[in-house]
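So this one's run_19.cif, mmCIF, C-alpha atoms:
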data_work
loop_
_atom_site.label_atom_id
_atom_site.label_comp_id
_atom_site.auth_asym_id
_atom_site.auth_seq_id
_atom_site.Cartn_x
_atom_site.Cartn_y
_atom_site.Cartn_z
CA MET R 1 -3.65 15.45 10.19
CA ALA R 2 -6.56 15.78 7.79
CA ILE R 3 -9.53 18.11 7.67
CA HIS R 4 -13.21 17.13 7.45
CA ASN R 5 -14.13 15.28 4.28
CA THR R 6 -16.48 12.62 2.93
CA GLU R 7 -15.85 8.90 2.34
CA GLN R 8 -14.12 8.55 5.73
CA ASP R 9 -15.24 4.93 6.01
CA LYS R 10 -13.50 4.13 2.71
CA PHE R 11 -10.26 6.00 3.48
CA PRO R 12 -7.68 3.17 3.65
CA TYR R 13 -4.74 4.86 5.39
CA ASP R 14 -6.01 5.39 8.95
CA LYS R 15 -7.19 1.89 9.85
CA LEU R 16 -5.68 -0.48 12.41
CA THR R 17 -5.08 -4.23 12.40
CA PHE R 18 -5.98 -6.75 15.10
CA GLN R 19 -9.63 -5.67 15.40
CA GLU R 20 -11.61 -8.05 17.62
CA GLY R 21 -14.85 -7.45 15.68
CA ASN R 22 -13.63 -9.40 12.64
CA LYS R 23 -11.30 -11.86 14.34
CA PRO R 24 -11.12 -15.12 12.35
CA GLU R 25 -12.60 -18.25 13.89
CA MET R 26 -9.35 -20.21 13.65
CA THR R 27 -6.18 -18.89 15.33
CA PRO R 28 -2.76 -20.45 16.06
CA ASN R 29 -2.15 -22.81 18.96
CA GLY R 30 1.31 -21.35 19.40
CA CYS R 31 4.53 -20.42 17.59
CA SER R 32 8.14 -21.47 18.14
CA MET R 33 9.23 -18.06 16.80
CA PRO R 34 7.37 -15.61 19.09
CA TYR R 35 5.91 -12.44 17.64
CA THR R 36 4.27 -9.37 19.16
CA LEU R 37 0.48 -9.36 19.49
CA ALA R 38 -0.46 -5.72 18.97
CA ALA R 39 -2.42 -3.38 16.72
CA TYR R 40 -0.46 -1.81 13.86
CA PRO R 41 -1.43 0.67 11.14
CA LYS R 42 -3.23 -1.18 8.37
CA ILE R 43 -1.09 -1.41 5.24
CA TYR R 44 -2.81 -0.45 2.00
CA VAL R 45 -0.94 -1.00 -1.27
CA PRO R 46 -2.79 -0.48 -4.58
CA TRP R 47 -2.81 -3.41 -6.97
CA ASN R 48 -0.67 -1.78 -9.66
CA HIS R 49 1.96 -0.84 -7.04
CA LEU R 50 2.02 -4.24 -5.37
CA THR R 51 2.50 -6.10 -8.67
CA ALA R 52 4.70 -3.51 -10.43
CA ALA R 53 7.78 -5.75 -10.46
CA PHE R 54 5.93 -8.93 -11.50
CA ALA R 55 6.15 -10.65 -14.84
CA ASP R 56 2.89 -10.48 -16.75
CA PRO R 57 2.06 -14.24 -16.49
CA LEU R 58 2.27 -14.09 -12.69
CA ARG R 59 0.24 -10.87 -12.54
CA GLN R 60 -2.47 -12.44 -14.69
CA ALA R 61 -2.52 -15.61 -12.58
CA ILE R 62 -2.98 -13.60 -9.38
CA MET R 63 -5.65 -11.41 -10.98
CA ALA R 64 -7.60 -14.52 -11.99
CA SER R 65 -7.55 -15.93 -8.42
CA PRO R 66 -6.32 -13.31 -5.91
CA GLU R 67 -7.63 -15.28 -2.92
CA SER R 68 -5.11 -18.04 -3.74
CA PHE R 69 -2.13 -15.78 -3.05
CA VAL R 70 -0.78 -13.51 -0.31
CA ALA R 71 1.79 -10.74 -0.61
CA VAL R 72 4.37 -10.45 2.18
CA ILE R 73 6.25 -7.17 2.58
CA PRO R 74 9.15 -7.31 5.05
CA LEU R 75 9.79 -4.04 6.87
CA GLY R 76 12.40 -2.11 4.87
CA ALA R 77 12.14 -4.47 1.92
CA GLY R 78 13.88 -2.80 -0.99
CA PRO R 79 16.99 -3.51 -3.04
CA LYS R 80 19.41 -3.29 -0.10
CA TRP R 81 17.26 -5.44 2.20
CA TYR R 82 17.04 -8.18 -0.40
CA ALA R 83 20.77 -7.91 -1.12
CA ASP R 84 21.37 -8.49 2.60
CA ASN R 85 18.71 -11.22 2.77
CA PRO R 86 18.86 -12.99 -0.62
CA ARG R 87 16.91 -16.04 0.66
CA ALA R 88 13.99 -14.12 2.12
CA ASP R 89 11.66 -16.78 0.75
CA LEU R 90 13.31 -19.45 2.92
CA MET R 91 13.26 -17.14 5.95
CA LEU R 92 9.53 -16.66 5.45
CA LYS R 93 9.01 -20.41 4.99
CA GLU R 94 10.77 -21.03 8.32
CA PHE R 95 8.49 -18.53 10.06
CA LEU R 96 5.33 -20.02 8.56
CA ASN R 97 6.44 -23.50 9.61
CA ALA R 98 6.94 -22.23 13.16
CA ILE R 99 3.28 -21.20 13.48
CA GLU R 100 1.15 -23.99 14.93
CA PHE R 101 -2.02 -23.83 12.86
CA LYS R 102 -4.59 -26.56 12.25
CA LYS R 103 -5.26 -25.82 8.58
CA LYS R 104 -2.28 -24.40 6.70
CA GLY R 105 -2.64 -26.01 3.32
CA SER R 106 0.69 -26.32 1.49
CA PRO R 107 2.04 -22.76 1.47
CA ARG R 108 4.96 -22.06 -0.81
CA SER R 109 6.80 -18.74 -0.71
CA PHE R 110 8.85 -17.39 -3.60
CA LEU R 111 10.47 -14.20 -4.84
CA PRO R 112 8.62 -12.91 -7.94
CA PHE R 113 11.68 -11.04 -9.22
CA GLU R 114 15.42 -11.44 -9.53
CA THR R 115 17.52 -9.78 -6.84
CA LYS R 116 20.25 -7.57 -8.19
CA GLU R 117 23.72 -6.83 -6.94
CA PRO R 118 24.42 -3.13 -6.23
CA LYS R 119 26.22 -1.50 -9.16
CA LYS R 120 28.84 1.11 -8.36
CA GLY R 121 29.62 4.00 -10.65
CA LYS R 122 31.24 7.41 -10.37
CA ASP R 123 28.57 8.57 -7.94
CA GLY R 124 28.62 5.44 -5.76
CA GLU R 125 25.90 2.80 -5.62
CA ILE R 126 23.84 4.15 -8.51
CA TRP R 127 21.47 1.19 -8.78
CA LEU R 128 20.46 1.35 -5.11
CA LYS R 129 19.85 5.09 -5.19
CA ARG R 130 17.70 4.89 -8.29
CA SER R 131 15.67 2.00 -6.87
CA ALA R 132 15.15 3.15 -3.28
CA PHE R 133 11.75 4.72 -3.96
CA GLU R 134 10.38 2.14 -6.37
CA LYS R 135 7.21 0.17 -5.67
CA PRO R 136 7.18 -2.41 -2.81
CA TRP R 137 9.01 -5.69 -3.29
CA PRO R 138 6.81 -8.44 -1.83
CA VAL R 139 7.45 -12.11 -1.34
CA VAL R 140 4.53 -14.16 -2.71
CA ILE R 141 2.78 -17.08 -1.00
CA GLU R 142 0.62 -19.59 -2.87
CA GLY R 143 -1.05 -22.86 -1.90
CA ILE R 144 -2.21 -21.50 1.44
CA ALA R 145 -5.40 -22.67 3.17
CA GLU R 146 -8.21 -20.13 3.44
CA GLU R 147 -8.24 -20.28 7.24
CA PHE R 148 -4.50 -19.68 7.53
CA ARG R 149 -4.68 -16.87 4.98
CA ASP R 150 -7.52 -15.19 6.87
CA TYR R 151 -5.53 -15.21 10.10
CA LEU R 152 -2.32 -13.88 8.53
CA LEU R 153 -4.19 -11.03 6.84
CA TRP R 154 -6.11 -10.20 10.03
CA GLN R 155 -2.97 -10.05 12.18
CA GLN R 156 -1.04 -8.54 9.20
CA THR R 157 2.13 -7.54 11.06
CA PHE R 158 4.37 -10.09 12.77
CA ALA R 159 7.30 -8.51 14.61
CA THR R 160 9.58 -11.43 15.48
CA GLN R 161 12.50 -11.72 17.86
CA SER R 162 14.80 -12.10 14.87
CA ARG R 163 14.19 -8.38 14.17
CA ILE R 164 12.30 -9.16 11.00
CA MET R 165 8.81 -7.72 10.63
CA TRP R 166 6.63 -9.60 8.16
CA ASN R 167 3.58 -7.77 6.78
CA PHE R 168 0.92 -9.92 5.09
CA VAL R 169 -1.15 -8.00 2.53
CA PRO R 170 -3.95 -9.21 0.22
CA PHE R 171 -3.79 -9.02 -3.55
CA ASP R 172 -6.84 -7.00 -4.54
CA PRO R 173 -7.12 -6.02 -8.23
CA LYS R 174 -9.81 -3.50 -7.21
CA SER R 175 -7.55 -1.60 -4.80
CA LEU R 176 -6.70 1.72 -6.42
CA PRO R 177 -4.38 4.60 -5.45
CA TRP R 178 -5.82 7.39 -3.33
CA ILE R 179 -2.70 9.55 -3.55
CA ILE R 180 -3.09 12.35 -6.11
CA GLY R 181 0.10 14.31 -5.54
CA SER R 182 2.52 15.77 -2.99
CA TYR R 183 3.68 19.31 -2.26
CA GLN R 184 6.90 20.63 -0.77
CA GLY R 185 8.05 24.10 0.25
CA ASN R 186 8.46 26.53 3.11
CA ILE R 187 4.71 26.79 3.57
CA ILE R 188 4.39 23.12 4.58
CA SER R 189 3.42 22.74 8.23
CA ASN R 190 1.20 20.65 10.46
CA ASP R 191 -0.98 23.67 11.25
CA LYS R 192 -4.67 22.81 10.88
CA ASP R 193 -5.65 26.25 9.56
CA ASN R 194 -2.84 26.27 6.97
CA ILE R 195 -3.85 22.82 5.76
CA ALA R 196 -7.51 23.84 5.45
CA GLU R 197 -6.62 27.02 3.54
CA ALA R 198 -4.26 25.18 1.18
CA LEU R 199 -6.87 22.51 0.46
CA ALA R 200 -9.50 25.17 -0.24
CA CYS R 201 -7.15 26.87 -2.72
CA LEU R 202 -6.40 23.57 -4.47
CA LYS R 203 -10.08 22.76 -4.79
CA LEU R 204 -10.91 26.21 -6.16
CA GLU R 205 -8.27 25.92 -8.89
CA VAL R 206 -9.51 22.45 -9.84
CA TRP R 207 -13.14 23.60 -9.97
CA LYS R 208 -12.19 26.37 -12.42
CA SER R 209 -10.18 24.10 -14.73
CA THR R 210 -11.98 23.42 -18.01
CA ALA R 211 -9.60 20.56 -18.79
CA ILE R 212 -10.46 18.79 -15.53
CA GLN R 213 -14.17 19.46 -16.04
CA ASN R 214 -13.99 17.80 -19.46
CA LEU R 215 -11.97 14.86 -18.10
CA VAL R 216 -14.45 14.20 -15.27
CA LYS R 217 -17.36 14.60 -17.69
CA ARG R 218 -15.94 11.95 -20.04
CA ILE R 219 -15.32 9.51 -17.17
CA ARG R 220 -18.81 9.99 -15.76
CA GLN R 221 -20.41 9.59 -19.18
CA PHE R 222 -18.55 6.30 -19.62
CA GLN R 223 -20.00 5.26 -16.24
CA GLY R 224 -23.51 6.21 -17.39
CA LYS R 225 -23.71 9.22 -15.10
CA THR R 226 -24.92 12.72 -15.98
CA GLY R 227 -24.71 16.17 -14.45
CA HIS R 228 -23.16 19.58 -14.92
CA PRO R 229 -19.35 19.36 -15.29
CA ILE R 230 -18.69 21.85 -12.48
CA ASP R 231 -21.02 20.00 -10.12
CA SER R 232 -19.28 16.75 -11.00
CA VAL R 233 -15.84 18.19 -10.24
CA VAL R 234 -17.06 19.63 -6.93
CA GLU R 235 -18.49 16.22 -6.02
CA MET R 236 -15.19 14.57 -6.94
CA THR R 237 -13.21 16.80 -4.57
CA LYS R 238 -15.45 16.24 -1.54
CA SER R 239 -13.32 13.29 -0.45
CA TRP R 240 -10.04 15.20 -0.86
CA ARG R 241 -7.75 15.73 2.10
CA LEU R 242 -4.26 17.08 2.68
CA VAL R 243 -2.15 14.95 4.99
CA TYR R 244 1.01 16.22 6.64
CA ILE R 245 3.83 13.66 6.32
CA LYS R 246 7.38 13.85 7.65
CA THR R 247 9.97 12.51 5.21
CA LYS R 248 13.67 11.65 5.08
CA ASN R 249 15.67 11.14 1.90
CA LEU R 250 18.66 8.89 1.17
CA ASP R 251 21.06 11.54 2.44
CA ASN R 252 19.18 11.56 5.77
CA ASP R 253 17.85 15.06 5.12
CA LYS R 254 14.55 15.58 6.91
CA GLY R 255 11.62 17.42 5.41
CA ALA R 256 7.85 17.37 5.18
CA VAL R 257 5.21 17.21 2.48
CA TRP R 258 1.51 17.68 2.11
CA SER R 259 0.08 14.63 0.38
CA LEU R 260 -3.18 15.22 -1.50
CA MET R 261 -5.48 12.18 -1.32
CA GLY R 262 -8.96 11.43 -2.57
CA LEU R 263 -11.37 8.67 -3.53
CA PRO R 264 -10.58 7.39 -7.07
CA ILE R 265 -13.23 8.55 -9.54
CA THR R 266 -12.91 5.48 -11.75
CA SER R 267 -12.25 1.79 -11.17
CA ASP R 268 -10.44 1.55 -14.52
CA ILE R 269 -6.93 0.71 -13.37
CA SER R 270 -5.42 1.86 -16.68
CA LYS R 271 -6.32 5.44 -15.76
CA HIS R 272 -4.31 5.36 -12.50
#

For this file, write the structure as structure tokens.
Amino acid sequence: MAIHNTEQDKFPYDKLTFQEGNKPEMTPNGCSMPYTLAAYPKIYVPWNHLTAAFADPLRQAIMASPESFVAVIPLGAGPKWYADNPRADLMLKEFLNAIEFKKKGSPRSFLPFETKEPKKGKDGEIWLKRSAFEKPWPVVIEGIAEEFRDYLLWQQTFATQSRIMWNFVPFDPKSLPWIIGSYQGNIISNDKDNIAEALACLKLEVWKSTAIQNLVKRIRQFQGKTGHPIDSVVEMTKSWRLVYIKTKNLDNDKGAVWSLMGLPITSDISKH
């Protein structure tokens, strides 16, 4: 749940896939590995998160020509999933080959990192626990035809009968994080009035902060913008929203957080 705010059209976390309005002209003629045709929540992964595990040469190559690559994030893809499925690239290749598509190009899928074996210590599988909340681990596709890429990104989520869910996500160097921070505690609830009051309190504290005023002023000056620092900070927070999210940790303990989100105030990825 989120309260009223600006920049709703740009908010990336409440969109759906499979929208008829932008359906690509070319679609498959069939598939020998059936998948579910349905709308799913649109997946948005900022550039620096999606490429966090990549070697610099690969990251630079994708940045130079992002339309030549596609990221594929299997559902649950983390260290344990890849330990259980060490040849995920071949599994993805098999699925792509099963799709009957007129213009595929010569897609090649590969793992952009080295899978690691779980390391056990005094506290158990230390490596897995430390890595469970790291950035996404995508498989990368290159050599794909534009038409095939457009369809995969439009459909995005392919839930197959083999119980594997492939999620196709674009590499976009301009995609930046909207998440500012998260809050835990007894006060966290999904009550609309509580969320509105908490967001108002957060904004008020930010508006009063001289350090934040100076930071926003410097960023806006670099962008060639002017204005009173307080007005600039108020403008910055207009897109802010608190979103109630249920969570579960590695010990299966359930909880909830308020996640503070807002439109990035700079496109300089080094400041995110």

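Pairwise distance (CA of Ser267 in chain R, CA of Val139 in chain R) equals 26.0 Å.
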
Taking 3 positions as the minimum chain separation for residues in the same chain, which residues sit within 12 Å of range 39-46 of chain R when counting all atoms listed in the file? Answer as a PyMOL selection string. chain R and resi 10-20+36+49-52+71-75+135-138+153-159+165-179+264+267+269+272

Run the PyMOL selection byres ((chain R and resi 87-97) around 12) mentally over the shown coordinates, then write out the matched residues as a ChimeraX atom specification, using the chain letters and numbers from the document. /R:28,30-35,71-75,77-78,81-86,98-115,137-142,144,148-149,151-152,158-162,164-168

Hey, can you check how far CA of Leu263 in chain R sits from CA of Ala198 in chain R?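 According to the coordinates, CA of Leu263 in chain R and CA of Ala198 in chain R are separated by 18.6 Å.
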
Of the residues R:Val70, R:Ile265, R:Val216, R:Leu260, which is the one nearest to Ala196 in chain R, using only C-alpha atoms? R:Leu260

Can you pull out the residues contacting Gly181 in chain R? Cut-off 10 Å, using all atoms listed in the file, and skip same-chain residues under 2 positions away; I want them as a PyMOL selection string. chain R and resi 178-179+183+242+257-262

Just-selected residues, C-alpha atoms written as a short mmCIF file (atom, residue, chain, number, x, y, z; two decimals), in the coordinates of the input:
data_model
loop_
_atom_site.label_atom_id
_atom_site.label_comp_id
_atom_site.auth_asym_id
_atom_site.auth_seq_id
_atom_site.Cartn_x
_atom_site.Cartn_y
_atom_site.Cartn_z
CA TRP R 178 -5.82 7.39 -3.33
CA ILE R 179 -2.70 9.55 -3.55
CA TYR R 183 3.68 19.31 -2.26
CA LEU R 242 -4.26 17.08 2.68
CA VAL R 257 5.21 17.21 2.48
CA TRP R 258 1.51 17.68 2.11
CA SER R 259 0.08 14.63 0.38
CA LEU R 260 -3.18 15.22 -1.50
CA MET R 261 -5.48 12.18 -1.32
CA GLY R 262 -8.96 11.43 -2.57
#

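In this structure, CA of Ala256 in chain R sits 16.7 Å away from CA of Asp193 in chain R.
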
Which residue gives the smallest distance to Lys217 in chain R among R:Asn190, R:Thr247, R:Ser239, R:Thr266, with only C-alpha atoms counted? R:Thr266

Counting all atoms listed in the file, the residue of R:Ile230, R:Ile245, R:Ile187, R:Leu215 that sits nearest Lys203 in chain R: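 Smallest distance to Lys203 in chain R is found for R:Ile230.
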
All file atoms of range 58-67 of chain R boxed axis-aligned, 8 Å per side, centre plus edges, as lines of an AutoDock Vina configuration file:
center_x = -2.7
center_y = -13.4
center_z = -8.8
size_x = 25.9
size_y = 21.1
size_z = 27.8

Return the single residue from R:Ser65, R:Ser209, R:Asn22, R:Ser189 that is closest to Gly143 in chain R, with distances computed using only C-alpha atoms. R:Ser65

If we count all atoms listed in the file and set the cut-off at 10 Å, which residues sit around Ser232 in chain R, ignoring sequence neighbours fewer than 6 positions away in its own chain? Please answer as a PyMOL selection string. chain R and resi 207+213+216-217+220+225-226

Between R:Asn214, R:Ser182, R:Arg241, R:Arg59, which has the minimum distance to His228 in chain R (counting all atoms listed in the file)?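 When distances to His228 in chain R are compared using all atoms listed in the file, the smallest one comes from R:Asn214.
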
Please, could N, CA, C and O atoms be added to range 149-173 of chain R and the result written as a PDB file, in the coordinates of the input?
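Below is the file rebuild_1.pdb, written as the result:
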ATOM      1  N   ARG R 149      -4.765 -18.158   5.668  1.00  0.00           N
ATOM      2  CA  ARG R 149      -4.680 -16.870   4.980  1.00  0.00           C
ATOM      3  C   ARG R 149      -5.472 -15.804   5.730  1.00  0.00           C
ATOM      4  O   ARG R 149      -4.998 -14.679   5.928  1.00  0.00           O
ATOM      5  N   ASP R 150      -6.687 -16.154   6.159  1.00  0.00           N
ATOM      6  CA  ASP R 150      -7.520 -15.190   6.870  1.00  0.00           C
ATOM      7  C   ASP R 150      -6.842 -14.695   8.152  1.00  0.00           C
ATOM      8  O   ASP R 150      -6.899 -13.503   8.474  1.00  0.00           O
ATOM      9  N   TYR R 151      -6.188 -15.632   8.861  1.00  0.00           N
ATOM     10  CA  TYR R 151      -5.530 -15.210  10.100  1.00  0.00           C
ATOM     11  C   TYR R 151      -4.329 -14.306   9.806  1.00  0.00           C
ATOM     12  O   TYR R 151      -4.148 -13.274  10.460  1.00  0.00           O
ATOM     13  N   LEU R 152      -3.507 -14.676   8.854  1.00  0.00           N
ATOM     14  CA  LEU R 152      -2.320 -13.880   8.530  1.00  0.00           C
ATOM     15  C   LEU R 152      -2.706 -12.465   8.094  1.00  0.00           C
ATOM     16  O   LEU R 152      -2.054 -11.488   8.483  1.00  0.00           O
ATOM     17  N   LEU R 153      -3.762 -12.347   7.306  1.00  0.00           N
ATOM     18  CA  LEU R 153      -4.190 -11.030   6.840  1.00  0.00           C
ATOM     19  C   LEU R 153      -4.824 -10.225   7.971  1.00  0.00           C
ATOM     20  O   LEU R 153      -4.717  -8.999   7.997  1.00  0.00           O
ATOM     21  N   TRP R 154      -5.500 -10.907   8.888  1.00  0.00           N
ATOM     22  CA  TRP R 154      -6.110 -10.200  10.030  1.00  0.00           C
ATOM     23  C   TRP R 154      -5.040  -9.663  10.968  1.00  0.00           C
ATOM     24  O   TRP R 154      -5.065  -8.500  11.373  1.00  0.00           O
ATOM     25  N   GLN R 155      -4.074 -10.490  11.312  1.00  0.00           N
ATOM     26  CA  GLN R 155      -2.970 -10.050  12.180  1.00  0.00           C
ATOM     27  C   GLN R 155      -2.072  -9.070  11.422  1.00  0.00           C
ATOM     28  O   GLN R 155      -1.577  -8.108  11.992  1.00  0.00           O
ATOM     29  N   GLN R 156      -1.834  -9.325  10.156  1.00  0.00           N
ATOM     30  CA  GLN R 156      -1.040  -8.540   9.200  1.00  0.00           C
ATOM     31  C   GLN R 156       0.432  -8.440   9.575  1.00  0.00           C
ATOM     32  O   GLN R 156       1.302  -8.875   8.821  1.00  0.00           O
ATOM     33  N   THR R 157       0.746  -7.847  10.717  1.00  0.00           N
ATOM     34  CA  THR R 157       2.130  -7.540  11.060  1.00  0.00           C
ATOM     35  C   THR R 157       2.644  -8.486  12.137  1.00  0.00           C
ATOM     36  O   THR R 157       2.060  -8.588  13.220  1.00  0.00           O
ATOM     37  N   PHE R 158       3.746  -9.160  11.835  1.00  0.00           N
ATOM     38  CA  PHE R 158       4.370 -10.090  12.770  1.00  0.00           C
ATOM     39  C   PHE R 158       5.790  -9.613  13.045  1.00  0.00           C
ATOM     40  O   PHE R 158       6.691  -9.800  12.226  1.00  0.00           O
ATOM     41  N   ALA R 159       5.975  -8.973  14.196  1.00  0.00           N
ATOM     42  CA  ALA R 159       7.300  -8.510  14.610  1.00  0.00           C
ATOM     43  C   ALA R 159       7.947  -9.631  15.412  1.00  0.00           C
ATOM     44  O   ALA R 159       7.537  -9.915  16.539  1.00  0.00           O
ATOM     45  N   THR R 160       8.958 -10.275  14.850  1.00  0.00           N
ATOM     46  CA  THR R 160       9.580 -11.430  15.480  1.00  0.00           C
ATOM     47  C   THR R 160      10.825 -11.044  16.261  1.00  0.00           C
ATOM     48  O   THR R 160      11.366  -9.942  16.106  1.00  0.00           O
ATOM     49  N   GLN R 161      11.298 -11.967  17.079  1.00  0.00           N
ATOM     50  CA  GLN R 161      12.500 -11.720  17.860  1.00  0.00           C
ATOM     51  C   GLN R 161      13.748 -11.658  16.996  1.00  0.00           C
ATOM     52  O   GLN R 161      14.794 -11.203  17.444  1.00  0.00           O
ATOM     53  N   SER R 162      13.646 -12.137  15.776  1.00  0.00           N
ATOM     54  CA  SER R 162      14.800 -12.100  14.870  1.00  0.00           C
ATOM     55  C   SER R 162      14.957 -10.735  14.214  1.00  0.00           C
ATOM     56  O   SER R 162      15.750 -10.562  13.300  1.00  0.00           O
ATOM     57  N   ARG R 163      14.142  -9.754  14.676  1.00  0.00           N
ATOM     58  CA  ARG R 163      14.190  -8.380  14.170  1.00  0.00           C
ATOM     59  C   ARG R 163      13.675  -8.248  12.743  1.00  0.00           C
ATOM     60  O   ARG R 163      13.945  -7.261  12.067  1.00  0.00           O
ATOM     61  N   ILE R 164      12.953  -9.237  12.307  1.00  0.00           N
ATOM     62  CA  ILE R 164      12.300  -9.160  11.000  1.00  0.00           C
ATOM     63  C   ILE R 164      10.816  -8.937  11.239  1.00  0.00           C
ATOM     64  O   ILE R 164      10.197  -9.597  12.072  1.00  0.00           O
ATOM     65  N   MET R 165      10.241  -8.003  10.517  1.00  0.00           N
ATOM     66  CA  MET R 165       8.810  -7.720  10.630  1.00  0.00           C
ATOM     67  C   MET R 165       8.150  -8.100   9.314  1.00  0.00           C
ATOM     68  O   MET R 165       8.374  -7.457   8.288  1.00  0.00           O
ATOM     69  N   TRP R 166       7.335  -9.146   9.351  1.00  0.00           N
ATOM     70  CA  TRP R 166       6.630  -9.600   8.160  1.00  0.00           C
ATOM     71  C   TRP R 166       5.256  -8.932   8.120  1.00  0.00           C
ATOM     72  O   TRP R 166       4.524  -8.948   9.105  1.00  0.00           O
ATOM     73  N   ASN R 167       4.890  -8.389   6.972  1.00  0.00           N
ATOM     74  CA  ASN R 167       3.580  -7.770   6.780  1.00  0.00           C
ATOM     75  C   ASN R 167       2.840  -8.530   5.669  1.00  0.00           C
ATOM     76  O   ASN R 167       3.302  -8.558   4.522  1.00  0.00           O
ATOM     77  N   PHE R 168       1.710  -9.127   6.032  1.00  0.00           N
ATOM     78  CA  PHE R 168       0.920  -9.920   5.090  1.00  0.00           C
ATOM     79  C   PHE R 168      -0.209  -9.051   4.527  1.00  0.00           C
ATOM     80  O   PHE R 168      -1.025  -8.511   5.279  1.00  0.00           O
ATOM     81  N   VAL R 169      -0.240  -8.926   3.212  1.00  0.00           N
ATOM     82  CA  VAL R 169      -1.150  -8.000   2.530  1.00  0.00           C
ATOM     83  C   VAL R 169      -1.898  -8.753   1.429  1.00  0.00           C
ATOM     84  O   VAL R 169      -1.296  -9.554   0.701  1.00  0.00           O
ATOM     85  N   PRO R 170      -3.200  -8.512   1.271  1.00  0.00           N
ATOM     86  CA  PRO R 170      -3.950  -9.210   0.220  1.00  0.00           C
ATOM     87  C   PRO R 170      -3.663  -8.644  -1.163  1.00  0.00           C
ATOM     88  O   PRO R 170      -3.343  -7.454  -1.312  1.00  0.00           O
ATOM     89  N   PHE R 171      -3.784  -9.480  -2.162  1.00  0.00           N
ATOM     90  CA  PHE R 171      -3.790  -9.020  -3.550  1.00  0.00           C
ATOM     91  C   PHE R 171      -5.232  -8.669  -3.897  1.00  0.00           C
ATOM     92  O   PHE R 171      -6.104  -9.538  -3.905  1.00  0.00           O
ATOM     93  N   ASP R 172      -5.488  -7.432  -4.192  1.00  0.00           N
ATOM     94  CA  ASP R 172      -6.840  -7.000  -4.540  1.00  0.00           C
ATOM     95  C   ASP R 172      -6.788  -6.163  -5.813  1.00  0.00           C
ATOM     96  O   ASP R 172      -6.405  -4.998  -5.784  1.00  0.00           O
ATOM     97  N   PRO R 173      -7.163  -6.768  -6.967  1.00  0.00           N
ATOM     98  CA  PRO R 173      -7.120  -6.020  -8.230  1.00  0.00           C
ATOM     99  C   PRO R 173      -7.996  -4.769  -8.233  1.00  0.00           C
ATOM    100  O   PRO R 173      -7.819  -3.891  -9.079  1.00  0.00           O
TER     101      PRO R 173
END
